[in-house]
Amino acid sequence: MINILLFAHLQEAIGQSQLKVDLSDYTVGQLKEWMENQYPQLSLQNMMTAVNEEFATDDMIVKDGDTLAFIPPISGG
Amino acid sequence: MSTSFFEIVDKPIDVEEVRKKVVSRNAGAITIFIGTVREMTKGKRTLHLEYQAYPEMAIKMFEQISKEIQEKWPEAIVAITHRVGHLEITDIAVVIAVSSPHRKIAYMANEYAIDRIKQIVPIWKKEYWEDGTEWIGDQLENVPYPKNLPSEEGDRS
């Protein structure tokens, strides 16, 4: 299982802040495509991501038990 | 918890508490940056804000910023507290305290910290205006990030 976290407008777009999906050994890029197929209202191609709280690239493989977070452009401070 | 140098809180921030964390007998200066909620942005009135964070990662990124500061200015000590949840105009959103033996480094390291927060720390603000709401998505200031459009992050430095 992979834990997927959504924030800000992404969270509002699908009405959930967290998803658990059974898709081990997908790359981050493949997971973006999977999410867009499941939730056509999302556009994730250029979205920053983090795997286990570290920024990740689209070719990184997400393993069972990992947490993948989509990080929209930030606006803290 | 009060000994942690980096915190995400959902209650008002006590500036003095953040300052105390960087107190050092070796320090000759402490700079404190206080980020507050502004009412008017380019003629548009903000009613209030909501901040959301990815707390576990935000703390890691604060630690990363501290590490970068240590590499640049080994004697600087930094503490950062960011608030989340509902904030009113004039409320404090973030406090950064930096101590160092001399003032120049305390100023420089403090500015470095807020610049980096706006680049790498996963915190988002939602503006509530008289005519609607929007999650803001450009750390260069207040450019709305339209729903369902990819981000443009190429010009971050």
# chains A, B, ... in the order shown; residues from 1 in each chain; ligands from 1
call {"tool": "residues_around", "arguments": {"residues": "A:Phe70", "least_positions_apart": "4", "cutoff": "8 Å", "atoms": "only C-alpha atoms", "output": "PyMOL selection string"}}
result
chain A and resi 4-7+47-50
call {"tool": "select_by_dssp", "arguments": {"residues": "stretch 44-104 of chain B", "states": "strand (DSSP E)", "output": "PDB file with N, CA and C atoms, in the first residue's frame"}}
result
ATOM      1  N   LYS B  44      -6.584  44.721  -3.184  1.00  0.00           N
ATOM      2  CA  LYS B  44      -7.615  43.759  -2.816  1.00  0.00           C
ATOM      3  C   LYS B  44      -7.588  43.510  -1.316  1.00  0.00           C
ATOM      4  N   ARG B  45      -8.771  43.515  -0.709  1.00  0.00           N
ATOM      5  CA  ARG B  45      -8.860  43.388   0.735  1.00  0.00           C
ATOM      6  C   ARG B  45      -8.971  41.919   1.153  1.00  0.00           C
ATOM      7  N   THR B  46      -8.039  41.494   1.992  1.00  0.00           N
ATOM      8  CA  THR B  46      -8.107  40.157   2.581  1.00  0.00           C
ATOM      9  C   THR B  46      -8.952  40.230   3.851  1.00  0.00           C
ATOM     10  N   LEU B  47      -9.898  39.308   3.994  1.00  0.00           N
ATOM     11  CA  LEU B  47     -10.730  39.276   5.203  1.00  0.00           C
ATOM     12  C   LEU B  47     -10.032  38.473   6.296  1.00  0.00           C
ATOM     13  N   HIS B  48      -9.543  37.305   5.915  1.00  0.00           N
ATOM     14  CA  HIS B  48      -8.721  36.500   6.813  1.00  0.00           C
ATOM     15  C   HIS B  48      -8.014  35.450   5.977  1.00  0.00           C
ATOM     16  N   LEU B  49      -7.156  34.666   6.622  1.00  0.00           N
ATOM     17  CA  LEU B  49      -6.378  33.651   5.911  1.00  0.00           C
ATOM     18  C   LEU B  49      -6.523  32.307   6.599  1.00  0.00           C
ATOM     19  N   GLU B  50      -6.255  31.277   5.810  1.00  0.00           N
ATOM     20  CA  GLU B  50      -6.096  29.957   6.406  1.00  0.00           C
ATOM     21  C   GLU B  50      -4.758  29.400   5.928  1.00  0.00           C
ATOM     22  N   TYR B  51      -3.937  28.951   6.880  1.00  0.00           N
ATOM     23  CA  TYR B  51      -2.678  28.301   6.520  1.00  0.00           C
ATOM     24  C   TYR B  51      -2.810  26.807   6.756  1.00  0.00           C
ATOM     25  N   GLN B  52      -2.233  26.051   5.820  1.00  0.00           N
ATOM     26  CA  GLN B  52      -2.180  24.596   5.967  1.00  0.00           C
ATOM     27  C   GLN B  52      -0.726  24.171   5.778  1.00  0.00           C
ATOM     28  N   ALA B  53      -0.317  23.145   6.504  1.00  0.00           N
ATOM     29  CA  ALA B  53       1.063  22.653   6.367  1.00  0.00           C
ATOM     30  C   ALA B  53       1.066  21.144   6.209  1.00  0.00           C
ATOM     31  N   ILE B  77      22.551  30.597  15.392  1.00  0.00           N
ATOM     32  CA  ILE B  77      21.566  29.650  15.924  1.00  0.00           C
ATOM     33  C   ILE B  77      20.194  30.136  15.472  1.00  0.00           C
ATOM     34  N   VAL B  78      19.392  29.218  14.910  1.00  0.00           N
ATOM     35  CA  VAL B  78      18.102  29.639  14.356  1.00  0.00           C
ATOM     36  C   VAL B  78      16.958  28.839  14.968  1.00  0.00           C
ATOM     37  N   ALA B  79      15.844  29.523  15.203  1.00  0.00           N
ATOM     38  CA  ALA B  79      14.604  28.874  15.643  1.00  0.00           C
ATOM     39  C   ALA B  79      13.460  29.437  14.800  1.00  0.00           C
ATOM     40  N   ILE B  80      12.548  28.563  14.394  1.00  0.00           N
ATOM     41  CA  ILE B  80      11.439  28.977  13.521  1.00  0.00           C
ATOM     42  C   ILE B  80      10.144  28.371  14.038  1.00  0.00           C
ATOM     43  N   THR B  81       9.113  29.194  14.168  1.00  0.00           N
ATOM     44  CA  THR B  81       7.765  28.689  14.462  1.00  0.00           C
ATOM     45  C   THR B  81       6.799  29.255  13.435  1.00  0.00           C
ATOM     46  N   HIS B  82       6.024  28.391  12.801  1.00  0.00           N
ATOM     47  CA  HIS B  82       5.013  28.819  11.830  1.00  0.00           C
ATOM     48  C   HIS B  82       3.651  28.377  12.323  1.00  0.00           C
ATOM     49  N   ARG B  83       2.689  29.281  12.190  1.00  0.00           N
ATOM     50  CA  ARG B  83       1.334  28.962  12.632  1.00  0.00           C
ATOM     51  C   ARG B  83       0.498  28.457  11.455  1.00  0.00           C
ATOM     52  N   GLY B  85      -3.792  27.149  10.373  1.00  0.00           N
ATOM     53  CA  GLY B  85      -5.191  27.331  10.742  1.00  0.00           C
ATOM     54  C   GLY B  85      -5.684  28.711  10.352  1.00  0.00           C
ATOM     55  N   HIS B  86      -6.722  29.164  11.040  1.00  0.00           N
ATOM     56  CA  HIS B  86      -7.385  30.425  10.703  1.00  0.00           C
ATOM     57  C   HIS B  86      -6.633  31.602  11.323  1.00  0.00           C
ATOM     58  N   LEU B  87      -6.207  32.552  10.492  1.00  0.00           N
ATOM     59  CA  LEU B  87      -5.512  33.740  11.002  1.00  0.00           C
ATOM     60  C   LEU B  87      -6.244  35.003  10.564  1.00  0.00           C
ATOM     61  N   GLU B  88      -6.324  35.958  11.482  1.00  0.00           N
ATOM     62  CA  GLU B  88      -6.950  37.252  11.195  1.00  0.00           C
ATOM     63  C   GLU B  88      -5.880  38.256  10.748  1.00  0.00           C
ATOM     64  N   ILE B  92       0.203  36.990  13.732  1.00  0.00           N
ATOM     65  CA  ILE B  92       1.553  36.533  13.395  1.00  0.00           C
ATOM     66  C   ILE B  92       1.483  35.143  12.761  1.00  0.00           C
ATOM     67  N   ALA B  93       2.043  35.027  11.555  1.00  0.00           N
ATOM     68  CA  ALA B  93       2.050  33.737  10.857  1.00  0.00           C
ATOM     69  C   ALA B  93       3.351  32.978  11.088  1.00  0.00           C
ATOM     70  N   VAL B  94       4.447  33.720  11.181  1.00  0.00           N
ATOM     71  CA  VAL B  94       5.752  33.050  11.330  1.00  0.00           C
ATOM     72  C   VAL B  94       6.688  33.927  12.157  1.00  0.00           C
ATOM     73  N   VAL B  95       7.498  33.285  12.965  1.00  0.00           N
ATOM     74  CA  VAL B  95       8.545  33.983  13.722  1.00  0.00           C
ATOM     75  C   VAL B  95       9.862  33.244  13.500  1.00  0.00           C
ATOM     76  N   ILE B  96      10.885  34.005  13.117  1.00  0.00           N
ATOM     77  CA  ILE B  96      12.229  33.450  12.949  1.00  0.00           C
ATOM     78  C   ILE B  96      13.166  34.221  13.873  1.00  0.00           C
ATOM     79  N   ALA B  97      13.854  33.513  14.730  1.00  0.00           N
ATOM     80  CA  ALA B  97      14.854  34.145  15.597  1.00  0.00           C
ATOM     81  C   ALA B  97      16.221  33.576  15.248  1.00  0.00           C
ATOM     82  N   VAL B  98      17.202  34.476  15.115  1.00  0.00           N
ATOM     83  CA  VAL B  98      18.584  34.053  14.853  1.00  0.00           C
ATOM     84  C   VAL B  98      19.510  34.801  15.806  1.00  0.00           C
ATOM     85  N   SER B  99      20.361  34.059  16.474  1.00  0.00           N
ATOM     86  CA  SER B  99      21.387  34.704  17.282  1.00  0.00           C
ATOM     87  C   SER B  99      22.755  34.415  16.678  1.00  0.00           C
ATOM     88  N   SER B 100      23.666  35.357  16.899  1.00  0.00           N
ATOM     89  CA  SER B 100      25.049  35.160  16.445  1.00  0.00           C
ATOM     90  C   SER B 100      25.942  36.121  17.222  1.00  0.00           C
TER      91      SER B 100
END
call {"tool": "interface_residues", "arguments": {"of": "chain A", "to": "chain B", "cutoff": "9 Å", "atoms": "only C-alpha atoms", "output": "ChimeraX atom specification"}}
result
/A:5,7-10,13,41-48,50,52-54,69,71-77
call {"tool": "closest_residue", "arguments": {"among": "A:Ile14, A:Met35, A:Ile2, A:Val28", "to": "A:Lys63", "atoms": "only C-alpha atoms"}}
result
A:Ile2
call {"tool": "residues_around", "arguments": {"residues": "A:Gln30", "least_positions_apart": "5", "cutoff": "10 Å", "atoms": "only C-alpha atoms", "output": "ChimeraX atom specification"}}
result
/A:23,25,35-36,58-62
call {"tool": "atom_distance", "arguments": {"atom1": "atom CA of A:Lys32", "atom2": "atom CA of B:Thr133"}}
result
26.2 Å
call {"tool": "atom_distance", "arguments": {"atom1": "atom CA of B:Val23", "atom2": "atom CA of B:Glu111"}}
result
18.5 Å
